[in-house]
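Down below is the structure, laid out as structure tokens.
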Amino acid sequence: MGPPEKELLFATGSFSGGEWTNVQTVREVREMRCNFKSFVVLAGAGLLSLTAAQAQAANGPGVSDKEVLICSYQPMTGKVSSYFRMGKGADAWFKHVNANGGVNGRMIKFKMVDDKYEPARTKNIVKRFVERDKCFAIVAPLGSAPTKAVIDYIVKKKMPLIGAGTGAAKNVFYKSRYVFPLYPPYDKEGTDLVRFSRDVFGAKKIGVIYQNDASGKTHLKGIEVGLKEYGVEMIAAEGYEPKEVDLSSQVIKMKSANIDALICSCAPEPAAKVYTERAKLGLKAPVVNVFFGKSPKVPELAGQAAVEGVYFATIFREWDDPNEHIQQAKGILTKYYPEEQHDAVHLWGFTGAQVFTEALKRMGNNITRANLLDTLEGIDNWKGSVVPVVNIGEMGPGDEAIKHLLVPSMNYVVYKSGKFQSFTPPWMK
């Protein structure tokens, strides 16, 4: 074993009073240098982590360099699960976008959760969207009652709500820039259906069967306005619960009242039950159904003969329309959901999804909720979706969300010879 190594000394610091203020050994200097290098590495990592966190914070919740997380509540199961077609339409579109490279280098992660069309479930789901999942926005969710239960919370948390499948008054007339309703309010549709009953059917006395929730009650309010405006009398009105299995008593009361025409504010499954009973009981009064009941599910459940001659309001083109955007959507839906029979409800989902995608494209890399609101309000005369034209207005203080409508007006079809065919009422010719 050799002699111990001499400790070489280094003078550091400053020279004062005839000596250096600090004297260190070689080992101490080496350790100091090693520690300094470790500090530099850790500090660099910390700065990178901080920069990434700052970038994510700058871009808003749910946004990373690789993806944008958006969320939606849907009735995937339960009594009105046919409406899950809306979620499937939106999902098919986002799958198509991601398969073609996403938007500005980012994939769109679309998270759907089943609320069974039960508002209590919806509340818990949306709370998780906000607090746990950190979703950037809620896009193309479905339901009047579910949306009514959560819209106050969503707006309070400053989360954009885009294209919710409801025409209930609380959604359409909400005073917040964060709300972008999909289609016209149910009350306006109700008023128009009274006019339709008078001008198309020549009706003076009508009956109404309506869903006993926010959607049906809003339709009823609009119908009452239409009665005064068009000189028509409502002599029978019967509600039903969304989970109700048997609607024969409602149809019996319509027949007993001897109505001239029936307005059905009915979802697809209940509508099918009404038309089945109508055929059994021999109720001859003509019928017009609200637009959210227009579905191939109706003749599938009730039989084509029971639905023959029934009129439906609608807000979209038919799937056999040669329009390029409709045909593109048809191909996309067939690719990702080949088992689905093409339905208007699918187009509800496509609409919200396509409008969000367009806004995301225009935003570039400045992906914040505030910029999303500004960008959506800047969409004017846009013809790149399944909707003929999208014009989203600007909202000022005290304005209502009806200025943010994605789809502005209604059209009509009649079920005839096994398919829905376009129909133009007299005042629209």
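Chains: A, B, ... in order of the structure tokens. Residues: from 1 per chain. Ligands: from 1, in order shown.
The list of residues with at least one atom within 8 Å of Ala302 (chain A), based on only C-alpha atoms and without residues fewer than 2 positions apart in the same chain, reads Ala272, Lys273, Tyr275, Thr276, Val298, Pro299, Glu300, Gln304, Ala306 and Val307 of chain A.
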*For Pro185 (chain A), list every protein, DNA or RNA residue within 9 Å, evaluated using only C-alpha atoms, and leave out those in the same chain fewer than 6 positions away; present the list as an NGL selection string.*
:A and (166-169 or 171-173 or 218-219 or 402)
_Point-to-point distance from CA of Tyr117 (chain A) to CA of Lys148 (chain A), Å rounded to tenths_ =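 Pair CA of Tyr117 (chain A) / CA of Lys148 (chain A) returns 11.6 Å.
Those residues in region 365-423 of chain A carrying a DSSP assignment of alpha helix (DSSP H), computed from the backbone, are Arg369, Ala370, Asn371, Leu372, Leu373, Asp374, Thr375, Leu376 and Glu377 of chain A.
Using only C-alpha atoms, the smallest distance between any of A:Phe420, A:Tyr174, A:Phe136, A:Trp319 and Ile151 (chain A) comes from A:Tyr174.
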_For CA of Ser295 (chain A) and CA of Lys88 (chain A), the interatomic separation in Å (one decimal)_ =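 Calculated distance between CA of Ser295 (chain A) and CA of Lys88 (chain A) is 14.7 Å.
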*Those of region 104-272 of chain A in DSSP strand (DSSP E or B), formatted as a PyMOL selection string*: chain A and resi 106-114+137-139+142+161-162+165+179-180+205-211+233-240+261-265
*For region 251-260 of chain A, please output as a list in words all residues within 6 Å (counting only C-alpha atoms; exclusion window: fewer than 3 positions along the same chain).*
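Non-adjacent residues within range: Ala203, Lys205, Ile206, Gly207, Ser248, Leu283 and Ala285 of chain A.
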Put those residues in a file: N, CA and C atoms, as a PDB file, in the first residue's frame.
ATOM      1  N   ALA A 203    -107.264  20.859 -40.176  1.00  0.00           N
ATOM      2  CA  ALA A 203    -107.756  20.567 -38.831  1.00  0.00           C
ATOM      3  C   ALA A 203    -108.221  21.813 -38.090  1.00  0.00           C
ATOM      4  N   LYS A 205    -109.733  20.966 -34.793  1.00  0.00           N
ATOM      5  CA  LYS A 205    -109.627  20.423 -33.436  1.00  0.00           C
ATOM      6  C   LYS A 205    -108.504  19.380 -33.422  1.00  0.00           C
ATOM      7  N   ILE A 206    -107.529  19.583 -32.570  1.00  0.00           N
ATOM      8  CA  ILE A 206    -106.381  18.666 -32.557  1.00  0.00           C
ATOM      9  C   ILE A 206    -106.222  17.993 -31.188  1.00  0.00           C
ATOM     10  N   GLY A 207    -105.508  16.875 -31.207  1.00  0.00           N
ATOM     11  CA  GLY A 207    -105.088  16.200 -29.990  1.00  0.00           C
ATOM     12  C   GLY A 207    -103.572  16.148 -29.963  1.00  0.00           C
ATOM     13  N   SER A 248    -101.596   2.643 -25.023  1.00  0.00           N
ATOM     14  CA  SER A 248    -102.926   2.426 -25.602  1.00  0.00           C
ATOM     15  C   SER A 248    -103.963   3.381 -25.006  1.00  0.00           C
ATOM     16  N   LEU A 283    -107.906   4.573 -35.466  1.00  0.00           N
ATOM     17  CA  LEU A 283    -107.904   6.039 -35.386  1.00  0.00           C
ATOM     18  C   LEU A 283    -107.479   6.600 -36.742  1.00  0.00           C
ATOM     19  N   ALA A 285    -107.531   9.885 -37.769  1.00  0.00           N
ATOM     20  CA  ALA A 285    -107.003  11.257 -37.806  1.00  0.00           C
ATOM     21  C   ALA A 285    -105.549  11.254 -38.291  1.00  0.00           C
TER      22      ALA A 285
END
*Looking at A:Phe180, A:Tyr73, A:Lys66, A:Gly303, which one is nearest to Gly101 (chain A), with distances taken over only C-alpha atoms?*
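Going through A:Phe180, A:Tyr73, A:Lys66, A:Gly303 one by one, the smallest distance to Gly101 (chain A) is for A:Lys66.
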*Point out the residue among A:Leu360, A:Ala344, A:Met410, A:Val290 with the least atom-to-atom distance to Met86 (chain A), counting only C-alpha atoms.*
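Nearest to Met86 (chain A): A:Ala344.
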_Taking 5 positions as the minimum chain separation for residues in the same chain, which residues sit within 12 Å of Asn381 (chain A) when counting only C-alpha atoms? Answer as a ChimeraX atom specification._
/A:387-393,406-407
Now that the selection is made, can you save its residues with C-alpha atoms as an mmCIF file, in the first residue's frame?
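The resulting file, again-v3.cif, is shown below:
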data_model
loop_
_atom_site.group_PDB
_atom_site.id
_atom_site.type_symbol
_atom_site.label_atom_id
_atom_site.label_comp_id
_atom_site.auth_asym_id
_atom_site.auth_seq_id
_atom_site.Cartn_x
_atom_site.Cartn_y
_atom_site.Cartn_z
ATOM 1 C CA VAL A 387 -76.049 21.065 -42.727
ATOM 2 C CA PRO A 388 -76.703 23.191 -45.847
ATOM 3 C CA VAL A 389 -75.170 26.275 -44.231
ATOM 4 C CA VAL A 390 -73.890 27.140 -40.754
ATOM 5 C CA ASN A 391 -74.067 30.725 -39.491
ATOM 6 C CA ILE A 392 -73.207 31.127 -35.814
ATOM 7 C CA GLY A 393 -73.989 34.568 -34.440
ATOM 8 C CA LEU A 406 -75.957 25.297 -35.522
ATOM 9 C CA VAL A 407 -79.117 24.376 -37.483
#
*Show which residues sit within 12 Å of Asn371 (chain A), as a list in words. Count only C-alpha atoms, and ignore same-chain residues fewer than 5 positions away.*
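My reading of the contact set: Ala58, Asn59, Gly60, Phe136, Pro160, Arg177, Tyr178, Ala359, Leu360, Lys361, Arg362, Met363, Gly364, Asn365, Asn366, Leu376, Glu377 and Gly378 of chain A.
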*asked:* I want to know what sits within 9 Å of region 89-94 of chain A, based on only C-alpha atoms, with residues of the same chain fewer than 2 positions away left out; could you give that as a ChimeraX atom specification?
replied: /A:84-87,96-99,102,107-112,139-140,329,332-337,345-354,357
For the residues in the current selection, export C-alpha atoms as a PDB file, in the first residue's frame.
ATOM      1  CA  PHE A  84     -77.267   6.678 -29.148  1.00  0.00           C
ATOM      2  CA  ARG A  85     -77.176   7.021 -32.929  1.00  0.00           C
ATOM      3  CA  MET A  86     -76.197  10.634 -32.237  1.00  0.00           C
ATOM      4  CA  GLY A  87     -73.066   9.549 -30.382  1.00  0.00           C
ATOM      5  CA  HIS A  96     -62.466   9.599 -39.850  1.00  0.00           C
ATOM      6  CA  VAL A  97     -60.631  12.799 -38.882  1.00  0.00           C
ATOM      7  CA  ASN A  98     -58.039  10.877 -36.851  1.00  0.00           C
ATOM      8  CA  ALA A  99     -57.534   8.322 -39.635  1.00  0.00           C
ATOM      9  CA  GLY A 102     -56.116  14.587 -37.009  1.00  0.00           C
ATOM     10  CA  MET A 107     -55.764  13.569 -32.595  1.00  0.00           C
ATOM     11  CA  ILE A 108     -59.288  14.164 -31.279  1.00  0.00           C
ATOM     12  CA  LYS A 109     -60.005  11.837 -28.368  1.00  0.00           C
ATOM     13  CA  PHE A 110     -63.779  11.504 -28.091  1.00  0.00           C
ATOM     14  CA  LYS A 111     -64.899  10.030 -24.774  1.00  0.00           C
ATOM     15  CA  MET A 112     -68.540   8.878 -24.537  1.00  0.00           C
ATOM     16  CA  VAL A 139     -69.586  17.908 -27.872  1.00  0.00           C
ATOM     17  CA  ALA A 140     -72.760  16.311 -29.289  1.00  0.00           C
ATOM     18  CA  ALA A 329     -71.092  11.038 -44.042  1.00  0.00           C
ATOM     19  CA  ILE A 332     -67.985   7.203 -43.051  1.00  0.00           C
ATOM     20  CA  LEU A 333     -70.886   5.851 -40.984  1.00  0.00           C
ATOM     21  CA  THR A 334     -70.957   2.644 -43.046  1.00  0.00           C
ATOM     22  CA  LYS A 335     -67.199   2.200 -42.548  1.00  0.00           C
ATOM     23  CA  TYR A 336     -67.128   2.612 -38.772  1.00  0.00           C
ATOM     24  CA  TYR A 337     -70.640   1.417 -37.851  1.00  0.00           C
ATOM     25  CA  VAL A 345     -80.170  11.179 -35.468  1.00  0.00           C
ATOM     26  CA  HIS A 346     -76.754  10.146 -36.767  1.00  0.00           C
ATOM     27  CA  LEU A 347     -76.645  13.515 -38.542  1.00  0.00           C
ATOM     28  CA  TRP A 348     -77.208  15.337 -35.257  1.00  0.00           C
ATOM     29  CA  GLY A 349     -73.896  13.891 -34.113  1.00  0.00           C
ATOM     30  CA  PHE A 350     -72.137  14.608 -37.402  1.00  0.00           C
ATOM     31  CA  THR A 351     -73.212  18.256 -37.194  1.00  0.00           C
ATOM     32  CA  GLY A 352     -71.759  19.012 -33.761  1.00  0.00           C
ATOM     33  CA  ALA A 353     -68.618  17.005 -34.523  1.00  0.00           C
ATOM     34  CA  GLN A 354     -68.009  18.714 -37.872  1.00  0.00           C
ATOM     35  CA  THR A 357     -63.550  20.114 -36.061  1.00  0.00           C
TER      36      THR A 357
END
*asked:* Quick check, in Å to one decimal: how far apart do CA of Val194 (chain A) and CA of Val245 (chain A) lie?
replied: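 Separation between CA of Val194 (chain A) and CA of Val245 (chain A): 27.2 Å.
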_Residue with smallest distance to Asp192 (chain A) - pool A:Pro425, A:Ala261, A:Lys280, A:Ser215, counting only C-alpha atoms_ =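 Among the listed residues, A:Pro425 lies closest to Asp192 (chain A).
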*asked:* I need the residue nearest Gly190 (chain A) from this list: A:Ser64, A:Asn289, A:Ser176, A:Thr147. Use only C-alpha atoms for the distance.
replied: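 Between A:Ser64, A:Asn289, A:Ser176, A:Thr147, the residue approaching Gly190 (chain A) most closely is A:Asn289.
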